[in-house]
>>> print(open('input34.pdb').read())   # PDB, C-alpha atoms
ATOM      1  CA  MET A 124     102.299  95.910  86.970
ATOM      2  CA  VAL A 125     103.868  93.372  84.662
ATOM      3  CA  ASN A 126     101.593  92.853  81.610
ATOM      4  CA  GLY A 127      98.351  93.159  83.526
ATOM      5  CA  ASN A 128      97.152  95.370  86.313
ATOM      6  CA  PRO A 129      95.703  93.714  89.386
ATOM      7  CA  ALA A 130      92.526  95.101  90.831
ATOM      8  CA  ARG A 131      93.371  98.023  93.084
ATOM      9  CA  GLU A 132      90.838  96.870  95.639
ATOM     10  CA  LEU A 133      89.474  93.386  96.149
ATOM     11  CA  ARG A 134      86.576  92.418  98.366
ATOM     12  CA  THR A 135      86.311  89.129 100.174
ATOM     13  CA  ALA A 136      83.517  88.053 102.509
ATOM     14  CA  ARG A 137      84.762  90.375 105.275
ATOM     15  CA  LEU A 138      87.803  92.238 103.973
ATOM     16  CA  ARG A 139      88.834  94.979 101.606
ATOM     17  CA  LEU A 140      92.285  94.228 100.186
ATOM     18  CA  VAL A 141      93.713  97.516  98.940
ATOM     19  CA  ALA A 142      96.723  97.416  96.621
ATOM     20  CA  ALA A 143      98.887 100.344  97.710
ATOM     21  CA  SER A 144     100.029 103.227  95.573
ATOM     22  CA  ALA A 145     103.296 105.033  96.289
ATOM     23  CA  GLU A 146     101.216 107.815  97.879
ATOM     24  CA  MET A 147      99.646 105.337 100.304
ATOM     25  CA  VAL A 148     103.020 103.868 101.268
ATOM     26  CA  ALA A 149     104.455 107.370 101.797
ATOM     27  CA  ALA A 150     101.528 108.087 104.123
ATOM     28  CA  ALA A 151     102.113 104.775 105.935
ATOM     29  CA  VAL A 152     105.711 105.840 106.583
ATOM     30  CA  ASP A 153     105.144 109.487 107.537
ATOM     31  CA  ASP A 154     101.500 110.329 108.225
ATOM     32  CA  ARG A 155      99.188 107.720 109.733
ATOM     33  CA  SER A 156      96.221 110.100 109.858
ATOM     34  CA  ARG A 157      96.564 110.746 106.114
ATOM     35  CA  LEU A 158      96.732 106.996 105.486
ATOM     36  CA  ALA A 159      93.587 106.499 107.586
ATOM     37  CA  THR A 160      91.819 109.128 105.472
ATOM     38  CA  ILE A 161      92.977 107.564 102.198
ATOM     39  CA  LEU A 162      91.959 104.062 103.309
ATOM     40  CA  LYS A 163      88.777 105.269 105.035
ATOM     41  CA  ALA A 164      89.720 103.050 107.959
ATOM     42  CA  THR A 165      90.880 103.246 111.552
ATOM     43  CA  ILE A 166      94.537 102.294 111.978
ATOM     44  CA  PRO A 167      95.321 100.524 115.277
ATOM     45  CA  LYS A 168      98.364 101.648 117.253
ATOM     46  CA  SER A 169      99.833  98.149 116.779
ATOM     47  CA  TRP A 170     100.101  98.631 112.991
ATOM     48  CA  PRO A 171     102.498  98.262 111.258
ATOM     49  CA  GLY A 172     104.304  95.306 112.754
ATOM     50  CA  ASN A 173     108.083  95.564 113.081
ATOM     51  CA  ASP A 174     108.798  93.597 109.903
ATOM     52  CA  LEU A 175     106.707  95.870 107.690
ATOM     53  CA  ALA A 176     107.817  99.069 109.443
ATOM     54  CA  GLU A 177     111.414  98.239 108.519
ATOM     55  CA  VAL A 178     110.716  97.669 104.812
ATOM     56  CA  LEU A 179     108.050 100.288 104.016
ATOM     57  CA  PRO A 180     110.661 102.938 103.090
ATOM     58  CA  GLN A 181     112.335 100.432 100.740
ATOM     59  CA  PHE A 182     108.990  99.571  99.147
ATOM     60  CA  TYR A 183     108.269 103.274  98.652
ATOM     61  CA  LYS A 184     111.631 103.727  96.937
ATOM     62  CA  ARG A 185     110.955 100.730  94.674
ATOM     63  CA  MET A 186     107.544 102.090  93.723
ATOM     64  CA  THR A 187     108.878 105.527  92.864
ATOM     65  CA  GLN A 188     111.712 104.061  90.794
ATOM     66  CA  ASP A 189     109.534 101.571  88.884
ATOM     67  CA  ALA A 190     105.768 102.048  88.596
ATOM     68  CA  ALA A 191     105.333  98.290  87.983
ATOM     69  CA  PHE A 192     105.725  97.801  91.749
ATOM     70  CA  GLU A 193     102.787 100.078  92.597
ATOM     71  CA  HIS A 194      99.595  98.213  93.455
ATOM     72  CA  TRP A 195     101.659  95.025  93.879
ATOM     73  CA  VAL A 196     104.239  94.970  96.685
ATOM     74  CA  VAL A 197     102.052  96.311  99.525
ATOM     75  CA  TRP A 198      98.401  95.490 100.181
ATOM     76  CA  PHE A 199      96.400  96.824 103.134
ATOM     77  CA  TRP A 200      93.963  94.334 104.684
ATOM     78  CA  ILE A 201      90.920  96.157 106.023
ATOM     79  CA  LEU A 202      88.100  94.565 107.991
ATOM     80  CA  ARG A 203      84.881  96.043 106.664
ATOM     81  CA  GLY A 204      82.749  97.747 109.262
ATOM     82  CA  ASP A 205      79.081  97.631 110.043
ATOM     83  CA  SER A 206      76.550  99.943 111.686
ATOM     84  CA  ARG A 207      78.383  99.704 115.046
ATOM     85  CA  ARG A 208      81.944 100.358 113.897
ATOM     86  CA  GLY A 209      83.791 101.544 110.827
ATOM     87  CA  ASP A 210      86.438  99.821 108.749
ATOM     88  CA  ILE A 211      89.691  98.923 110.513
ATOM     89  CA  LEU A 212      93.150  98.015 109.198
ATOM     90  CA  ILE A 213      93.912  94.536 110.558
ATOM     91  CA  GLY A 214      96.920  93.424 108.554
ATOM     92  CA  ASP A 215      98.853  93.592 105.353
ATOM     93  CA  GLY A 216     100.342  91.510 102.629
ATOM     94  CA  GLY A 217     102.200  91.864  99.408
ATOM     95  CA  PHE A 218     104.358  90.310  96.764
ATOM     96  CA  MET A 219     108.119  90.421  97.282
ATOM     97  CA  GLY A 220     108.777  91.232  93.649
ATOM     98  CA  LEU A 221     107.436  90.891  90.151
ATOM     99  CA  PRO A 222     106.981  87.424  88.626
ATOM    100  CA  ASP A 223     110.297  85.860  87.614
ATOM    101  CA  GLY A 224     110.998  84.270  84.234
ATOM    102  CA  ASP A 225     109.266  81.069  85.339
ATOM    103  CA  GLY A 226     106.133  82.912  86.490
ATOM    104  CA  ARG A 227     106.859  82.625  90.225
ATOM    105  CA  VAL A 228     105.939  85.299  92.768
ATOM    106  CA  GLU A 229     106.457  85.268  96.534
ATOM    107  CA  ILE A 230     103.669  86.345  98.873
ATOM    108  CA  GLY A 231     104.074  87.688 102.398
ATOM    109  CA  TYR A 232     101.371  88.557 104.913
ATOM    110  CA  SER A 233     100.759  89.524 108.514
ATOM    111  CA  ILE A 234      97.707  89.914 110.732
ATOM    112  CA  LEU A 235      97.827  92.085 113.840
ATOM    113  CA  PRO A 236      97.881  89.861 116.951
ATOM    114  CA  GLU A 237      94.520  91.088 118.205
ATOM    115  CA  PHE A 238      92.833  89.921 114.964
ATOM    116  CA  ARG A 239      94.407  86.479 114.621
ATOM    117  CA  ARG A 240      92.600  83.121 114.755
ATOM    118  CA  ARG A 241      89.463  84.432 113.065
ATOM    119  CA  GLY A 242      90.132  83.308 109.481
ATOM    120  CA  TYR A 243      91.206  86.724 108.197
ATOM    121  CA  GLY A 244      94.641  85.445 107.178
ATOM    122  CA  ARG A 245      93.186  82.687 105.031
ATOM    123  CA  GLU A 246      90.691  85.108 103.506
ATOM    124  CA  GLY A 247      93.357  87.704 102.720
ATOM    125  CA  VAL A 248      95.900  85.256 101.308
ATOM    126  CA  ALA A 249      93.218  83.597  99.155
ATOM    127  CA  GLY A 250      92.218  87.002  97.774
ATOM    128  CA  MET A 251      95.780  88.010  96.986
ATOM    129  CA  VAL A 252      96.579  84.635  95.409
ATOM    130  CA  GLY A 253      93.479  85.063  93.254
ATOM    131  CA  ALA A 254      94.742  88.499  92.167
ATOM    132  CA  ALA A 255      98.119  87.009  91.272
ATOM    133  CA  PHE A 256      96.606  84.160  89.251
ATOM    134  CA  ALA A 257      94.366  86.635  87.409
ATOM    135  CA  LEU A 258      97.576  87.650  85.627
ATOM    136  CA  PRO A 259      98.514  85.217  82.854
ATOM    137  CA  GLU A 260     102.246  85.533  83.570
ATOM    138  CA  VAL A 261     101.880  84.113  87.110
ATOM    139  CA  ALA A 262     102.202  80.313  87.242
ATOM    140  CA  THR A 263     103.189  79.702  90.883
ATOM    141  CA  VAL A 264     102.809  81.594  94.157
ATOM    142  CA  MET A 265     105.554  80.900  96.704
ATOM    143  CA  ALA A 266     105.562  81.538 100.463
ATOM    144  CA  ASP A 267     108.309  81.380 103.083
ATOM    145  CA  THR A 268     107.378  80.846 106.722
ATOM    146  CA  GLU A 269     109.129  80.067 109.972
ATOM    147  CA  LYS A 270     109.131  76.332 110.692
ATOM    148  CA  ASP A 271     107.570  76.887 114.123
ATOM    149  CA  ASN A 272     104.755  79.131 112.825
ATOM    150  CA  GLU A 273     102.093  76.433 112.927
ATOM    151  CA  ALA A 274      99.222  78.830 112.175
ATOM    152  CA  SER A 275     100.872  80.062 108.976
ATOM    153  CA  ILE A 276     101.752  76.520 107.900
ATOM    154  CA  ARG A 277      98.127  75.395 108.446
ATOM    155  CA  LEU A 278      96.876  78.429 106.524
ATOM    156  CA  LEU A 279      99.141  77.730 103.540
ATOM    157  CA  GLU A 280      98.425  74.001 103.472
ATOM    158  CA  GLY A 281      94.697  74.672 103.821
ATOM    159  CA  LEU A 282      94.823  76.774 100.661
ATOM    160  CA  GLY A 283      96.618  74.034  98.750
ATOM    161  CA  PHE A 284     100.225  75.190  99.115
ATOM    162  CA  CYS A 285     102.705  72.300  99.224
ATOM    163  CA  ARG A 286     105.905  72.305 101.243
ATOM    164  CA  ILE A 287     108.980  72.212  99.030
ATOM    165  CA  LEU A 288     111.187  69.524 100.509
ATOM    166  CA  GLY A 289     114.846  70.456 100.808
ATOM    167  CA  ALA A 290     114.110  74.164 100.345
ATOM    168  CA  GLY A 291     114.454  76.736 103.077
ATOM    169  CA  SER A 292     116.790  76.853 106.027
ATOM    170  CA  THR A 293     116.978  75.439 109.518
ATOM    171  CA  SER A 294     114.403  78.016 110.625
ATOM    172  CA  HIS A 295     112.240  78.522 107.495
ATOM    173  CA  SER A 296     110.242  76.383 105.064
ATOM    174  CA  TRP A 297     109.161  77.198 101.525
ATOM    175  CA  PHE A 298     105.716  76.454 100.122
ATOM    176  CA  ALA A 299     104.383  76.631  96.560
ATOM    177  CA  LEU A 300     100.935  76.816  95.000
ATOM    178  CA  THR A 301     100.489  76.263  91.279
ATOM    179  CA  ARG A 302      97.636  77.701  89.268
ATOM    180  CA  GLY A 303      96.112  74.195  88.917
ATOM    181  CA  GLU A 304      96.229  73.510  92.666
ATOM    182  CA  PHE A 305      94.721  76.935  93.337
ATOM    183  CA  GLU A 306      91.814  76.208  91.026
ATOM    184  CA  ARG A 307      91.201  72.865  92.761
ATOM    185  CA  HIS A 308      91.368  74.255  96.328
ATOM    186  CA  ILE A 309      89.930  77.754  96.084
ATOM    187  CA  GLN A 310      87.402  77.890  93.316
TER     188      GLN A 310
END
>>> encode(input="input34.pdb", output="structure tokens")
Amino acid sequence: MVNGNPARELRTARLRLVAASAEMVAAAVDDRSRLATILKATIPKSWPGNDLAEVLPQFYKRMTQDAAFEHWVVWFWILRGDSRRGDILIGDGGFMGLPDGDGRVEIGYSILPEFRRRGYGREGVAGMVGAAFALPEVATVMADTEKDNEASIRLLEGLGFCRILGAGSTSHSWFALTRGEFERHIQ
């Protein structure tokens, strides 16, 4: 990945954030039981959501054409288990591309509906943003969300992202988080 290599697995208070290899993405596309074995996690029937299902084959192609995209464009968000239940895949995230010439990257994320409103989104995004800012070439993390997605807007603003006025479309808004704002809000 770029000049650095993000951690392949991050741990937050409750989650394992696993940066996907091409092998993992191939399994996500073709063999859910193999993916479950690789991740050591149960995969709910509701995963992946429609948006990710459509782009996984494209991400796999990108990863196989350029190794810099491995462990960067797709991250599996896994709720760590306890003595009663094992680990379970609850969502995903990723970066839409490598940092541009100005050090900007775009983050995307999704939590399965049955796991929403429990703080997992905030926890996962904070972990991924931390991984991005661990790389010296990343200066700003960007996010694009639907204007009526109040939960996502609250999540982004709660982590210090600022809405970029005049950016976006009639249905979407752009947000940005600089390294300095991240350090003030997260750490």
>>> resolve_selection(input="input34.pdb", expression="the PyMOL selection byres ((chain A and resi 168) around 12)", output="list of chain:residue names")
A:Arg155, A:Ser156, A:Ala159, A:Thr165, A:Ile166, A:Pro167, A:Ser169, A:Trp170, A:Pro171, A:Gly172, A:Ile211, A:Leu212, A:Ile213, A:Leu235, A:Pro236, A:Glu237
>>> resolve_selection(input="input34.pdb", expression="the PyMOL selection byres ((chain A and resi 217) around 12)", output="PyMOL selection string")
chain A and resi 140-143+175+178-179+182+192-200+214-216+218-221+228-233+247-248+250-252+254-255+264-266
>>> closest_residue(input="input34.pdb", among="A:Thr301, A:Asn272, A:Asn173, A:Thr187", to="Arg227 in chain A", atoms="all atoms listed in the file")
A:Thr301
>>> resolve_selection(input="input34.pdb", expression="the PyMOL selection byres ((chain A and resi 135) around 9)", output="PDB file with C-alpha atoms, in the coordinates of the input")
ATOM      1  CA  LEU A 133      89.474  93.386  96.149  1.00  0.00           C
ATOM      2  CA  ARG A 134      86.576  92.418  98.366  1.00  0.00           C
ATOM      3  CA  ALA A 136      83.517  88.053 102.509  1.00  0.00           C
ATOM      4  CA  ARG A 137      84.762  90.375 105.275  1.00  0.00           C
ATOM      5  CA  LEU A 138      87.803  92.238 103.973  1.00  0.00           C
ATOM      6  CA  ARG A 139      88.834  94.979 101.606  1.00  0.00           C
ATOM      7  CA  LEU A 140      92.285  94.228 100.186  1.00  0.00           C
ATOM      8  CA  GLU A 246      90.691  85.108 103.506  1.00  0.00           C
ATOM      9  CA  GLY A 247      93.357  87.704 102.720  1.00  0.00           C
ATOM     10  CA  ALA A 249      93.218  83.597  99.155  1.00  0.00           C
ATOM     11  CA  GLY A 250      92.218  87.002  97.774  1.00  0.00           C
TER      12      GLY A 250
END
>>> atom_distance(input="input34.pdb", atom1="CA of Lys184 in chain A", atom2="CA of Pro222 in chain A")
18.9 Å
>>> closest_residue(input="input34.pdb", among="A:Leu258, A:Thr160, A:Glu269, A:Leu278", to="Tyr243 in chain A", atoms="all atoms listed in the file")
A:Leu278
>>> atom_distance(input="input34.pdb", atom1="CA of Gln181 in chain A", atom2="CA of Ser144 in chain A")
13.6 Å
